[in-house]
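Source file: entry13.txt. Holds: compact mmCIF, C-alpha atoms and all ligand atoms.
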# COMPACT_ATOMS: atom_id res chain seq x y z
CA MET T 1 28.98 -15.37 -22.82
CA SER T 2 31.01 -13.13 -25.09
CA ILE T 3 32.52 -14.41 -28.29
CA LYS T 4 35.85 -13.13 -29.53
CA PHE T 5 36.36 -12.85 -33.29
CA THR T 6 39.61 -12.59 -35.15
CA PHE T 7 38.25 -11.45 -38.53
CA GLY T 8 35.21 -9.65 -39.86
CA ILE T 9 32.47 -11.37 -41.85
CA ILE T 10 34.07 -14.02 -43.99
CA ALA T 11 31.03 -15.72 -45.51
CA GLU T 12 27.31 -15.21 -46.01
CA GLU T 13 24.50 -17.52 -46.97
CA GLN T 14 20.72 -17.43 -47.21
CA ARG T 15 19.07 -19.57 -44.57
CA THR T 16 15.48 -20.21 -43.57
CA CYS T 17 14.41 -20.10 -39.93
CA ASP T 18 12.64 -23.33 -38.93
CA LYS T 19 10.46 -21.49 -36.49
CA HIS T 20 9.53 -18.41 -38.51
CA LYS T 21 9.74 -20.00 -42.00
CA GLN T 22 11.47 -16.86 -43.15
CA GLU T 23 14.61 -16.41 -45.15
CA TYR T 24 17.47 -14.35 -43.76
CA THR T 25 21.11 -13.69 -44.46
CA SER T 26 23.31 -15.58 -42.04
CA ARG T 27 26.84 -14.21 -41.68
CA MET T 28 29.86 -16.25 -40.66
CA PHE T 29 32.54 -14.98 -38.29
CA MET T 30 35.70 -16.76 -37.31
CA ARG T 31 36.07 -17.16 -33.58
CA SER T 32 39.42 -16.62 -31.90
CA ASP T 33 39.39 -20.32 -30.94
CA GLY T 34 39.22 -21.21 -34.65
CA GLY T 35 35.52 -22.18 -34.70
CA GLU T 36 32.86 -20.77 -37.01
CA TYR T 37 30.02 -18.60 -35.81
CA TRP T 38 26.90 -18.11 -37.97
CA THR T 39 24.41 -15.35 -37.09
CA GLY T 40 20.88 -16.55 -36.42
CA CYS T 41 17.38 -15.53 -37.47
CA PRO T 42 16.83 -11.80 -36.69
CA ILE T 43 13.28 -12.44 -35.50
CA CYS T 44 14.50 -15.20 -33.15
CA ASN T 45 17.22 -12.83 -31.89
CA GLU T 46 14.66 -10.10 -31.30
CA GLU T 47 12.40 -12.53 -29.41
CA GLU T 48 15.30 -13.75 -27.31
CA GLN T 49 16.25 -10.19 -26.38
CA ARG T 50 12.67 -9.36 -25.48
CA GLN T 51 12.39 -12.49 -23.34
CA LYS T 52 15.62 -11.56 -21.57
CA ARG T 53 14.40 -8.02 -20.89
CA ARG T 54 11.10 -9.39 -19.55
CA GLN T 55 13.01 -11.74 -17.26
CA GLU T 56 15.18 -8.87 -16.00
CA GLN T 57 12.12 -6.70 -15.38
CA LEU T 58 10.47 -9.52 -13.45
CA GLN T 59 13.61 -10.00 -11.33
CA GLU T 60 13.70 -6.25 -10.68
CA GLN T 61 10.02 -6.27 -9.65
CA ILE T 62 10.61 -9.15 -7.23
CA ALA T 63 13.67 -7.42 -5.77
CA TYR T 64 11.67 -4.20 -5.42
CA LYS T 65 8.85 -6.01 -3.65
CA GLN T 66 11.31 -7.67 -1.29
CA ARG T 67 12.89 -4.32 -0.42
CA GLN T 68 9.42 -2.88 0.11
CA ILE T 69 8.43 -5.74 2.45
CA ALA T 70 11.70 -5.37 4.38
CA ARG T 71 10.89 -1.69 4.79
CA LEU T 72 7.33 -2.50 5.92
CA PHE T 73 8.69 -4.93 8.51
CA LYS T 74 11.04 -2.25 9.82
CA GLN T 75 8.20 0.27 10.06
CA SER T 76 5.91 -2.20 11.81
CA ALA T 77 7.82 -1.87 15.10
CA ILE T 78 7.16 -5.53 15.98
CA PRO T 79 9.37 -6.01 19.07
CA PRO T 80 12.26 -8.49 18.61
CA ARG T 81 10.76 -10.64 21.39
CA PHE T 82 7.81 -11.44 19.13
CA SER T 83 9.58 -11.49 15.79
CA ASP T 84 9.56 -15.32 15.57
CA ASP T 85 5.86 -15.68 16.39
CA SER T 86 3.98 -17.32 13.53
CA PHE T 87 0.95 -19.49 12.90
CA ASP T 88 3.28 -22.43 12.31
CA ASN T 89 4.76 -22.30 15.80
CA TYR T 90 1.50 -21.68 17.66
CA ILE T 91 0.74 -25.05 19.23
CA ALA T 92 -2.96 -25.89 19.24
CA ASP T 93 -3.08 -28.91 21.57
CA THR T 94 -6.64 -28.31 22.79
CA ALA T 95 -9.95 -27.62 21.05
CA GLU T 96 -10.02 -24.06 22.46
CA LYS T 97 -6.59 -23.25 21.12
CA SER T 98 -7.54 -24.73 17.74
CA THR T 99 -10.58 -22.48 17.64
CA VAL T 100 -8.66 -19.25 18.24
CA LYS T 101 -5.81 -20.28 15.97
CA ASN T 102 -8.15 -21.20 13.11
CA SER T 103 -10.19 -18.02 13.50
CA MET T 104 -7.06 -15.89 13.41
CA LEU T 105 -5.62 -17.89 10.52
CA GLU T 106 -8.83 -17.43 8.57
CA PHE T 107 -8.67 -13.69 9.22
CA ALA T 108 -5.04 -13.63 8.06
CA ASN T 109 -5.72 -15.73 4.98
CA ASN T 110 -8.32 -13.17 3.87
CA ILE T 111 -6.29 -10.19 5.00
CA ALA T 112 -6.68 -8.10 1.83
CA ASN T 113 -10.46 -8.31 1.96
CA ASN T 114 -10.62 -7.89 5.74
CA LEU T 115 -8.49 -4.75 5.56
CA LYS T 116 -10.57 -3.41 2.71
CA LEU T 117 -13.69 -3.82 4.85
CA GLY T 118 -11.92 -2.43 7.94
CA ARG T 119 -12.70 -5.58 9.96
CA ASN T 120 -11.36 -5.71 13.51
CA VAL T 121 -10.40 -8.39 16.00
CA ILE T 122 -10.61 -8.38 19.79
CA LEU T 123 -8.48 -10.95 21.61
CA ALA T 124 -9.48 -11.05 25.25
CA GLY T 125 -8.38 -13.26 28.09
CA ASN T 126 -5.68 -14.74 30.21
CA SER T 127 -2.03 -13.81 30.26
CA GLY T 128 0.40 -16.01 28.36
CA ASN T 129 -2.29 -17.49 26.13
CA GLY T 130 -0.78 -16.30 22.86
CA LYS T 131 -2.90 -13.23 22.12
CA THR T 132 0.15 -11.20 21.16
CA HIS T 133 1.63 -14.23 19.36
CA LEU T 134 -1.37 -14.64 17.05
CA SER T 135 -1.69 -10.88 16.50
CA VAL T 136 1.94 -10.62 15.44
CA ALA T 137 1.50 -13.63 13.13
CA THR T 138 -1.43 -11.82 11.51
CA ALA T 139 0.53 -8.58 11.19
CA LYS T 140 3.32 -10.48 9.44
CA THR T 141 0.86 -11.98 6.96
CA ALA T 142 -0.46 -8.49 6.24
CA ILE T 143 3.05 -7.10 5.69
CA ASN T 144 4.01 -9.99 3.41
CA GLY T 145 0.93 -9.07 1.39
CA GLY T 146 2.29 -5.54 0.99
CA HIS T 147 0.04 -3.90 3.60
CA THR T 148 1.29 -1.50 6.26
CA ALA T 149 1.03 -2.60 9.88
CA LEU T 150 2.04 -1.03 13.16
CA PHE T 151 2.52 -2.76 16.49
CA THR T 152 2.17 -0.79 19.70
CA THR T 153 1.08 -1.28 23.27
CA VAL T 154 -1.54 1.15 24.47
CA GLY T 155 0.94 2.42 27.08
CA GLU T 156 3.53 3.18 24.42
CA MET T 157 0.99 4.91 22.23
CA ILE T 158 -0.38 7.03 25.07
CA ASP T 159 3.18 8.04 26.05
CA LYS T 160 3.88 9.15 22.48
CA ILE T 161 0.64 11.13 22.35
CA ASN T 162 1.35 12.73 25.74
CA GLU T 163 4.88 13.63 24.65
CA ALA T 164 3.52 15.38 21.57
CA GLY T 165 2.34 18.29 23.75
CA TRP T 166 0.37 20.81 21.68
CA ASN T 167 0.69 18.51 18.67
CA LYS T 168 -1.41 15.65 20.04
CA ALA T 169 -3.74 15.65 17.04
CA THR T 170 -0.86 14.82 14.69
CA ALA T 171 0.41 12.12 17.05
CA ILE T 172 -3.07 10.60 17.08
CA ASP T 173 -3.30 10.82 13.28
CA ASN T 174 -0.05 8.86 12.95
CA TYR T 175 -1.85 5.86 14.43
CA THR T 176 -4.63 6.09 11.89
CA VAL T 177 -2.25 5.75 8.89
CA PRO T 178 -1.29 2.03 8.87
CA ASP T 179 -3.68 -0.43 7.20
CA LEU T 180 -3.52 -2.58 10.32
CA LEU T 181 -2.90 -1.43 13.90
CA ILE T 182 -2.00 -4.00 16.54
CA LEU T 183 -3.03 -2.42 19.81
CA ASP T 184 -1.60 -4.55 22.59
CA GLU T 185 -2.38 -4.51 26.31
CA VAL T 186 -5.55 -2.50 26.51
CA THR T 187 -5.85 -2.10 30.29
CA TYR T 188 -7.42 0.04 32.95
CA THR T 189 -4.62 2.32 33.98
CA LEU T 190 -5.54 5.33 31.87
CA ASN T 191 -6.74 8.70 33.08
CA SER T 192 -9.79 10.20 31.43
CA GLU T 193 -7.85 12.27 28.89
CA GLU T 194 -5.74 9.25 27.91
CA GLN T 195 -8.88 7.20 27.59
CA LYS T 196 -10.32 9.85 25.31
CA ASN T 197 -7.19 9.74 23.13
CA LEU T 198 -7.37 5.95 22.89
CA PHE T 199 -11.02 6.37 21.89
CA LYS T 200 -9.99 8.93 19.24
CA VAL T 201 -7.44 6.57 17.65
CA ILE T 202 -9.91 3.69 17.43
CA ASN T 203 -12.75 5.92 16.28
CA LYS T 204 -10.70 7.66 13.58
CA ARG T 205 -9.57 4.31 12.30
CA TYR T 206 -13.20 3.21 12.24
CA GLU T 207 -14.18 6.30 10.26
CA GLN T 208 -11.39 5.67 7.77
CA VAL T 209 -12.30 1.96 7.48
CA ARG T 210 -8.95 0.76 8.85
CA SER T 211 -8.58 -2.47 10.79
CA THR T 212 -7.44 -2.70 14.39
CA ILE T 213 -6.54 -5.78 16.41
CA ILE T 214 -6.93 -5.26 20.15
CA GLN T 215 -5.50 -7.47 22.85
CA THR T 216 -6.63 -7.23 26.45
CA ASN T 217 -6.56 -9.10 29.76
CA LEU T 218 -9.83 -7.45 30.73
CA PRO T 219 -13.10 -9.36 30.79
CA MET T 220 -15.60 -8.02 28.23
CA PRO T 221 -17.63 -5.89 30.68
CA ASP T 222 -14.43 -4.17 31.88
CA LEU T 223 -13.24 -3.62 28.31
CA LYS T 224 -16.58 -1.94 27.70
CA ASN T 225 -15.86 0.37 30.62
CA VAL T 226 -12.45 1.31 29.22
CA LEU T 227 -13.41 1.75 25.57
CA GLY T 228 -17.12 2.47 25.88
CA GLU T 229 -20.03 0.47 24.54
CA ARG T 230 -20.07 2.46 21.30
CA ILE T 231 -16.45 1.60 20.40
CA ILE T 232 -16.97 -2.08 21.17
CA ASP T 233 -19.98 -2.08 18.86
CA ARG T 234 -17.92 -0.44 16.13
CA LEU T 235 -15.09 -2.93 16.55
CA ARG T 236 -17.55 -5.78 16.18
CA GLU T 237 -19.37 -4.28 13.23
CA ASN T 238 -19.24 -5.78 9.77
CA GLY T 239 -17.88 -9.22 10.64
CA GLY T 240 -15.56 -8.22 13.47
CA VAL T 241 -14.08 -11.16 15.38
CA VAL T 242 -14.01 -11.59 19.18
CA LEU T 243 -11.84 -14.38 20.57
CA TYR T 244 -11.61 -15.53 24.18
CA PHE T 245 -8.45 -17.00 25.69
CA THR T 246 -9.31 -18.91 28.83
CA TRP T 247 -6.59 -21.46 29.59
CA GLU T 248 -3.43 -21.62 31.66
CA SER T 249 -0.45 -19.50 30.73
CA TYR T 250 2.04 -20.98 28.28
CA ARG T 251 4.77 -19.20 30.27
CA LYS T 252 3.85 -21.03 33.55
N1 LIG J 1 -0.18 -22.15 22.00
C1 LIG J 1 1.07 -21.67 21.99
N2 LIG J 1 2.01 -22.25 21.21
C2 LIG J 1 3.27 -21.79 21.19
N3 LIG J 1 3.70 -20.73 21.90
C3 LIG J 1 2.80 -20.10 22.69
C4 LIG J 1 1.44 -20.52 22.76
N4 LIG J 1 0.79 -19.70 23.60
C5 LIG J 1 1.70 -18.81 24.02
N5 LIG J 1 2.90 -19.03 23.48
C6 LIG J 1 4.15 -18.31 23.75
O1 LIG J 1 4.11 -17.90 25.11
C7 LIG J 1 4.57 -16.60 25.27
C8 LIG J 1 3.45 -15.72 25.77
O2 LIG J 1 2.47 -15.54 24.75
P1 LIG J 1 1.84 -14.13 24.41
O3 LIG J 1 2.79 -13.05 24.77
O4 LIG J 1 1.37 -14.14 23.02
O5 LIG J 1 0.63 -14.16 25.43
P2 LIG J 1 -0.50 -13.09 25.69
O6 LIG J 1 -1.79 -13.82 25.66
O7 LIG J 1 -0.33 -11.94 24.77
O8 LIG J 1 -0.19 -12.67 27.18
P3 LIG J 1 -0.38 -11.24 27.91
O9 LIG J 1 -1.83 -11.10 28.14
O10 LIG J 1 0.39 -11.40 29.18
O11 LIG J 1 0.18 -10.20 27.01
C9 LIG J 1 5.08 -16.16 23.93
O12 LIG J 1 6.45 -16.44 23.84
C10 LIG J 1 4.31 -17.03 22.96
O13 LIG J 1 5.02 -17.24 21.77
MG MG J 2 0.24 -9.97 25.07
ZN ZN J 3 13.30 -17.29 -36.34

Just give me the structure as structure tokens.
Ligand SMILES: Nc1ncnc2c1ncn2[C@@H]1O[C@H](COP(=O)(O)OP(=O)(O)OP(=O)(O)O)[C@@H](O)[C@H]1O
Ligand SMILES: [Mg+2]
Ligand SMILES: [Zn+2]
Amino acid sequence: MSIKFTFGIIAEEQRTCDKHKQEYTSRMFMRSDGGEYWTGCPICNEEEQRQKRRQEQLQEQIAYKQRQIARLFKQSAIPPRFSDDSFDNYIADTAEKSTVKNSMLEFANNIANNLKLGRNVILAGNSGNGKTHLSVATAKTAINGGHTALFTTVGEMIDKINEAGWNKATAIDNYTVPDLLILDEVTYTLNSEEQKNLFKVINKRYEQVRSTIIQTNLPMPDLKNVLGERIIDRLRENGGVVLYFTWESYRK
């Protein structure tokens, strides 16, 4: 609100601030609407200004954080098909579904600590059981907490690494940067060099204490064949979670 004045100071008087118990000179201005305006306690004014600046800074910080989270979501490469997947819309109508949902939710609720410890999750089992759904929900929780996450299928990642030609090492390193990597559709169809590159990504992330969530249709023994016993052990180390999805497809 801005106040318009017609004249300069036309009166002064000594007043005492109720709050600060301090005397000050209050000056009277005539407003253009004919009313009087008396200046207030300078300490109160100063406090008000400071409060306003603090409020503005807080607003700016919130806006900054929101822009940052929007950027993190963009970088996460979560496919539009999965962008609505959340814990809220995962229906747990059986005990088995409740178990996987609660385990994943617990992991997500402690995401900061889990990422700090580089804890991993393996979601193994049937198609259409919500492995990707729960992984995406977890990635979103991480991003909302200000962490970086990247979603990729193994096929997509291997293509990118293959395309990198002589620069494969850099392409592999790119996948070790995000705090959380969602590695979807770990399957058989990899040649031995591709398998080695997949191994490198997971192993480098392990060395750098970064979390990975793996989804696969393969039974555990087959997953061991693809990734190797050593990698599976590393994924399970330090409180790693393994969840089995064994019911009929939601897609039907
Ligand atoms: N319990 C559930 N509640 C609500 N939606 C579900 C549930 N399970 C699966 N869906 C939905 O069904 C579809 C398939 O789920 P999703 O892609 O997560 O399965 P998946 O286990 O990753 O399958 P695949 O192994 O084929 O990749 C998605 O649209 C997902 O949101
Ligand atoms: Mg899936
Ligand atoms: Zn005062």

Within 12 Å of range 59-70 of chain T, counting all atoms listed in the file, which residues qualify if same-chain residues fewer than 3 places away don't, as a PyMOL selection string? chain T and resi 52-56+73-77+140-149

Check the smallest atom-to-atom distance from each of T:Arg236, T:Glu12, T:Glu248, T:Pro79 to Asp184 in chain T using all atoms listed in the file, then report the winner.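 Closest residue, counting all atoms listed in the file: T:Pro79.
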
List the neighbours of Tyr24 in chain T out to 10 Å using all atoms listed in the file; skip same-chain residues closer than 4 positions along the sequence, and give me the result as an mmCIF file with C-alpha atoms, in the frame of the given file.
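Contents of the output file result.cif:
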data_model
loop_
_atom_site.group_PDB
_atom_site.id
_atom_site.type_symbol
_atom_site.label_atom_id
_atom_site.label_comp_id
_atom_site.auth_asym_id
_atom_site.auth_seq_id
_atom_site.Cartn_x
_atom_site.Cartn_y
_atom_site.Cartn_z
ATOM 1 C CA GLU T 13 24.500 -17.520 -46.970
ATOM 2 C CA GLN T 14 20.720 -17.430 -47.210
ATOM 3 C CA ARG T 15 19.070 -19.570 -44.570
ATOM 4 C CA THR T 16 15.480 -20.210 -43.570
ATOM 5 C CA CYS T 17 14.410 -20.100 -39.930
ATOM 6 C CA THR T 39 24.410 -15.350 -37.090
ATOM 7 C CA GLY T 40 20.880 -16.550 -36.420
ATOM 8 C CA CYS T 41 17.380 -15.530 -37.470
ATOM 9 C CA PRO T 42 16.830 -11.800 -36.690
ATOM 10 C CA ILE T 43 13.280 -12.440 -35.500
#

Taking the point (-7.4, -20.5, 26.8) as given in the file, collect each protein or nucleic acid residue that comes within 7 Å of it, counting all atoms listed in the file, and present the set as a VMD selection string. chain T and resid 96 to 97 126 129 245 to 248

Looking at T:Phe151, T:Phe87, T:Tyr37, T:Tyr206, which one is nearest to ligand MG 2 (chain J), with distances taken over all atoms listed in the file?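 Looking only at the distances to ligand MG 2 (chain J), the closest residue turns out to be T:Phe151.
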
Counting all atoms listed in the file, which residues of chain T fall within 7 Å of ligand LIG 1 (chain J), and what is the closest atom pair for each with its distance in Å at one decimal, ordered by chain and rising number, as a tab-separated table?
residue	atom	partner	partner_atom	distance
T:Phe82	CA	J:LIG1	O13	7.0
T:Asp85	CA	J:LIG1	O13	5.7
T:Asn89	CA	J:LIG1	C2	5.6
T:Tyr90	CA	J:LIG1	N2	3.6
T:Ile91	CA	J:LIG1	N2	3.7
T:Ala92	CA	J:LIG1	N1	5.4
T:Lys97	CA	J:LIG1	N1	6.6
T:Gly125	CA	J:LIG1	O9	6.9
T:Asn126	CA	J:LIG1	O9	5.7
T:Ser127	CA	J:LIG1	O9	3.4
T:Gly128	CA	J:LIG1	O5	3.5
T:Asn129	CA	J:LIG1	O6	3.7
T:Gly130	CA	J:LIG1	O4	3.1
T:Lys131	CA	J:LIG1	O6	3.8
T:Thr132	CA	J:LIG1	O4	3.7
T:His133	CA	J:LIG1	O4	3.7
T:Leu134	CA	J:LIG1	O4	6.6
T:Glu185	CA	J:LIG1	O11	6.3
T:Thr216	CA	J:LIG1	O9	6.4
T:Asn217	CA	J:LIG1	O9	5.4
T:Tyr250	CA	J:LIG1	C5	4.8
T:Arg251	CA	J:LIG1	O1	5.4
